[in-house]
Amino acid sequence: MKLKTFRIGGVHPEENKLTHEVATVVAELPKQAIFPLSQHIGAPAKPVVAKGDKVKVGTMIAEAGGFVSAPIFSSVSGTVFKIDDAIDATGYRKPSIIIKVEGDEWEPTIDRSDKLERLEDHPELTPEEIVERIKKAGVTGMGGAGFPTFIKLCPPPTAKAECVIINAVECEPYITADYRLMMEHADEILVGLDLLMKAVKVEKGYIGIEDNKPAAIALFEEKTANKPNIEIVPLAKKYPQGGEKQLVDAVIRRQVPAPPAIPVNVGAVVQNVGTAFAVYEAVMKNKPLFERYTTVTGKQLAHPGNFLVRMGTPMSQLIDFCGGLPEGDNKILAGGPMMGKALTSTEVPICKGTNSVTILTDDDARRKEPQPCIRCAKCVSACPMGLEPYLLATCSSMHLWERVEAEDIVSCIECGSCQFTCPAHRPLLDNIRLGKTTVMGIIRSRNAKK
């Protein structure tokens with residue numbers, strides 16, 4: 001059988017899936033939990049609690065701050081210690097709610113039983129009711145981007161959904177959180193897919209899994225053997241196949257046009273496998289999104305592992321559980337080595353989009369000295385969006401904003417393939433990120449004046 005994959009660009013980084021077969025451990029509760037109000041794309045959430053308030057596990061502590069936003073729920077029980085700025089994964093101090101942990105008392109409305117709830121047993125769940133429960137539970141994309149899930153389930157009138165694609169690729173090196181979730185909660189994920197398909201009123205579902213996860217492919221093929229409307233799609237190993245535009249191309253052979261086009265413009269609604277699980281818990285168990293599967297890993301880490309972590313838990317606690325920081329120079333990333341952000345502090349909390357804490361040591365932690373561009377065009381061949389990274393990076397470093405906008409810099413998905421493949425070790429992605437952020441700001445200002 002020929003494996004599918006996307007058609008433009010891509011690279012093959014070393015996998016380093018050190019925790020592939022390490023079963024998930026429930027992380028200990030923190031002594032103090034920190035909840036940044038910006039854990040999603042869009043407007044920050046607005047606090048609905050004050051200093052001294054008592055909260056339980058599952059209590060809403062911040063409401064959505066706009067249409068493109070999501071509420072935030074406490075993952076712990078205790079007392080609101082203060083509402084103050086705290087460092088998040090960006091390295092900046094952001095408004096946050098800080099809760100002193102006292103016990104582990106849950107909201108009684110949450111169903112904590114292990115009973116599997118199936119869609120066919122709940123005729124009361126209309127598409128509108130499913131979307132509303134997802135919205136109220138604060139579910140966002142769990143692959144890292146953090147886009148509020150309910151918005152994806154309400155496509156614009158100009159677009160019609162034809163299928164739901166579950167992103168079970170996990171192509172980023174080191175990370176295995178999604179794989180462990182698939183192996184441990186396949187039934188719940190499939191019910192989550194059923195819910196997503198009903199929410200967007202489609203009959204066809206796909207689950208894309210790279211072929212470095214043969215056990216997951218076999219498990220899901222077995223569980224969907226009597227479901228002709230769900231297709232398991234084995235994919236060739238290639239990064240960044242987890243990008244939603246690349247996944248759409250790989251699975252249904254349709255290419256999503258440049259922004260503002262999104263996958264639903266070609267008939268696909270893409271959701272991460274972790275999001276499907278969160279949707280199941282939100283709709284069937286009335287459980288808000290306040291914990292997630294996260295990998296903590298690194299070649300020199302004594303005991304790397306996978307964890308079910310309450311959000312707000314400081315990363316330092318997980319690192320200590322894995323044996324502490326190794327000797328030598330360390331770079332700590334929120335995410336994987338390709339797209340992860342380097343942290344300035346290990347006290348940064350686990351948030352909705354934190355799928356991994358990756359610790360690079362010694363040579364892996366150091367960047368090589370950049371050299372002049374040798375015009376090899378490897379970055380052009382590697383770019384999965386068909387862009388010219390060398391040109392975008394150079395023009396961005398020279399602040400030629402009109403030029404980079406004309407060269408479609410906003411289509412960049414910031415996957416890092418260009419920088420990974422550059423033999424001159426040039427900081428291509430750094431400069432492109434600067435240019436993309438600046439151009440998007442210019443576009444927003446221009447639209448606001450219209």
# chains A, B, ... in the order shown; residues from 1 in each chain; ligands from 1
call {"tool": "residues_around", "arguments": {"residues": "Asp211 in chain A", "least_positions_apart": "3", "cutoff": "6 Å", "atoms": "only C-alpha atoms", "output": "list in words"}}
result
Pro214, Pro234, Leu235 and Ala236 of chain A
call {"tool": "residues_around", "arguments": {"residues": "range 225-230 of chain A", "least_positions_apart": "3", "cutoff": "9 Å", "atoms": "only C-alpha atoms", "output": "ChimeraX atom specification"}}
result
/A:203-207,220-222
call {"tool": "residues_around", "arguments": {"residues": "Leu301 in chain A", "least_positions_apart": "6", "cutoff": "12 Å", "atoms": "only C-alpha atoms", "output": "list in words"}}
result
Leu18, Thr19, Leu318, Ile319, Asp320, Phe321, Cys322, Gly323, Gly324, Leu325, Pro326, Glu327, Gly328, Asn330, Ile332, Val357, Thr358, Ile359, Leu360 and Thr361 of chain A
call {"tool": "select_by_dssp", "arguments": {"residues": "range 76-268 of chain A", "states": "strand (DSSP E)", "output": "PyMOL selection string"}}
result
chain A and resi 78-87+93-101+163-167+204-210+230-235+268
call {"tool": "write_last_selection", "arguments": {"atoms": "N, CA and C atoms", "output": "compact mmCIF listing (two decimals), in the first residue's frame"}}
result
# COMPACT_ATOMS: atom_id res chain seq x y z
N GLY A 78 -9.52 25.50 45.79
CA GLY A 78 -8.76 26.32 46.72
C GLY A 78 -9.26 27.75 46.74
N THR A 79 -8.33 28.66 47.01
CA THR A 79 -8.67 30.07 47.17
C THR A 79 -7.92 30.91 46.16
N VAL A 80 -8.62 31.86 45.54
CA VAL A 80 -7.96 32.78 44.62
C VAL A 80 -6.99 33.63 45.43
N PHE A 81 -5.70 33.44 45.15
CA PHE A 81 -4.66 34.15 45.90
C PHE A 81 -4.52 35.59 45.42
N LYS A 82 -4.50 35.75 44.10
CA LYS A 82 -4.45 37.11 43.54
C LYS A 82 -4.66 37.04 42.03
N ILE A 83 -4.98 38.20 41.46
CA ILE A 83 -5.04 38.36 40.01
C ILE A 83 -3.93 39.34 39.66
N ASP A 84 -2.91 38.82 38.97
CA ASP A 84 -1.68 39.58 38.78
C ASP A 84 -1.02 39.12 37.48
N ASP A 85 0.04 39.80 37.11
CA ASP A 85 0.80 39.39 35.93
C ASP A 85 1.75 38.26 36.28
N ALA A 86 1.89 37.31 35.36
CA ALA A 86 2.81 36.18 35.54
C ALA A 86 3.41 35.84 34.17
N ILE A 87 4.63 35.30 34.18
CA ILE A 87 5.31 34.97 32.93
C ILE A 87 4.66 33.75 32.29
N ARG A 93 5.24 39.01 30.86
CA ARG A 93 4.30 38.92 31.97
C ARG A 93 2.91 39.25 31.46
N LYS A 94 1.96 38.35 31.69
CA LYS A 94 0.60 38.51 31.19
C LYS A 94 -0.39 38.40 32.35
N PRO A 95 -1.55 39.07 32.23
CA PRO A 95 -2.57 38.96 33.29
C PRO A 95 -2.95 37.50 33.54
N SER A 96 -2.97 37.13 34.81
CA SER A 96 -3.22 35.73 35.19
C SER A 96 -4.00 35.67 36.49
N ILE A 97 -4.68 34.55 36.70
CA ILE A 97 -5.34 34.27 37.96
C ILE A 97 -4.52 33.22 38.70
N ILE A 98 -4.15 33.50 39.93
CA ILE A 98 -3.29 32.60 40.71
C ILE A 98 -4.11 32.04 41.87
N ILE A 99 -4.15 30.72 41.96
CA ILE A 99 -4.99 30.04 42.96
C ILE A 99 -4.14 29.20 43.88
N LYS A 100 -4.34 29.37 45.18
CA LYS A 100 -3.69 28.54 46.19
C LYS A 100 -4.48 27.25 46.32
N VAL A 101 -3.80 26.11 46.15
CA VAL A 101 -4.48 24.81 46.09
C VAL A 101 -4.78 24.30 47.49
N CYS A 163 -16.43 16.98 5.29
CA CYS A 163 -15.84 15.92 6.11
C CYS A 163 -15.14 16.54 7.31
N VAL A 164 -14.89 15.70 8.31
CA VAL A 164 -14.05 16.08 9.47
C VAL A 164 -12.78 15.24 9.39
N ILE A 165 -11.63 15.90 9.51
CA ILE A 165 -10.34 15.20 9.52
C ILE A 165 -9.73 15.33 10.91
N ILE A 166 -9.44 14.21 11.54
CA ILE A 166 -8.79 14.23 12.85
C ILE A 166 -7.28 14.17 12.63
N ASN A 167 -6.59 15.13 13.18
CA ASN A 167 -5.13 15.22 13.08
C ASN A 167 -4.51 14.37 14.18
N LYS A 204 -18.88 11.98 6.67
CA LYS A 204 -17.58 11.35 6.45
C LYS A 204 -16.54 11.87 7.42
N GLY A 205 -15.78 10.95 8.01
CA GLY A 205 -14.69 11.32 8.91
C GLY A 205 -13.42 10.59 8.55
N TYR A 206 -12.29 11.26 8.71
CA TYR A 206 -10.98 10.66 8.45
C TYR A 206 -10.11 10.84 9.70
N ILE A 207 -9.23 9.88 9.94
CA ILE A 207 -8.21 10.03 10.98
C ILE A 207 -6.86 9.78 10.32
N GLY A 208 -6.04 10.82 10.24
CA GLY A 208 -4.72 10.71 9.62
C GLY A 208 -3.66 10.39 10.66
N ILE A 209 -2.95 9.26 10.47
CA ILE A 209 -1.93 8.81 11.43
C ILE A 209 -0.67 8.46 10.65
N GLU A 210 0.50 8.99 11.06
CA GLU A 210 1.74 8.66 10.37
C GLU A 210 2.15 7.22 10.66
N ILE A 230 -16.08 6.17 8.53
CA ILE A 230 -14.82 6.66 9.11
C ILE A 230 -13.66 5.90 8.48
N GLU A 231 -12.70 6.64 7.96
CA GLU A 231 -11.56 6.03 7.28
C GLU A 231 -10.27 6.38 8.01
N ILE A 232 -9.48 5.37 8.32
CA ILE A 232 -8.15 5.58 8.90
C ILE A 232 -7.17 5.72 7.74
N VAL A 233 -6.42 6.83 7.73
CA VAL A 233 -5.53 7.13 6.61
C VAL A 233 -4.08 7.05 7.09
N PRO A 234 -3.36 5.95 6.79
CA PRO A 234 -1.93 5.89 7.13
C PRO A 234 -1.14 6.86 6.24
N LEU A 235 -0.25 7.62 6.86
CA LEU A 235 0.50 8.65 6.15
C LEU A 235 2.00 8.40 6.25
N ALA A 268 -13.20 20.77 4.31
CA ALA A 268 -12.68 20.00 5.45
C ALA A 268 -12.70 20.81 6.74
call {"tool": "residues_around", "arguments": {"residues": "Val283 in chain A", "least_positions_apart": "4", "cutoff": "7 Å", "atoms": "only C-alpha atoms", "output": "compact mmCIF listing (two decimals) with N, CA, C and O atoms, in the first residue's frame"}}
result
# COMPACT_ATOMS: atom_id res chain seq x y z
N ILE A 130 -24.51 20.41 20.69
CA ILE A 130 -23.11 19.97 20.76
C ILE A 130 -22.17 21.17 20.70
O ILE A 130 -21.25 21.30 21.52
N ARG A 133 -22.27 23.20 23.98
CA ARG A 133 -21.55 22.57 25.10
C ARG A 133 -20.03 22.71 24.92
O ARG A 133 -19.31 22.91 25.90
N ILE A 134 -19.57 22.57 23.70
CA ILE A 134 -18.14 22.74 23.42
C ILE A 134 -17.71 24.17 23.73
O ILE A 134 -16.65 24.41 24.33
N VAL A 279 -13.61 17.24 23.32
CA VAL A 279 -15.01 17.39 22.91
C VAL A 279 -15.87 16.28 23.54
O VAL A 279 -16.97 16.54 24.04
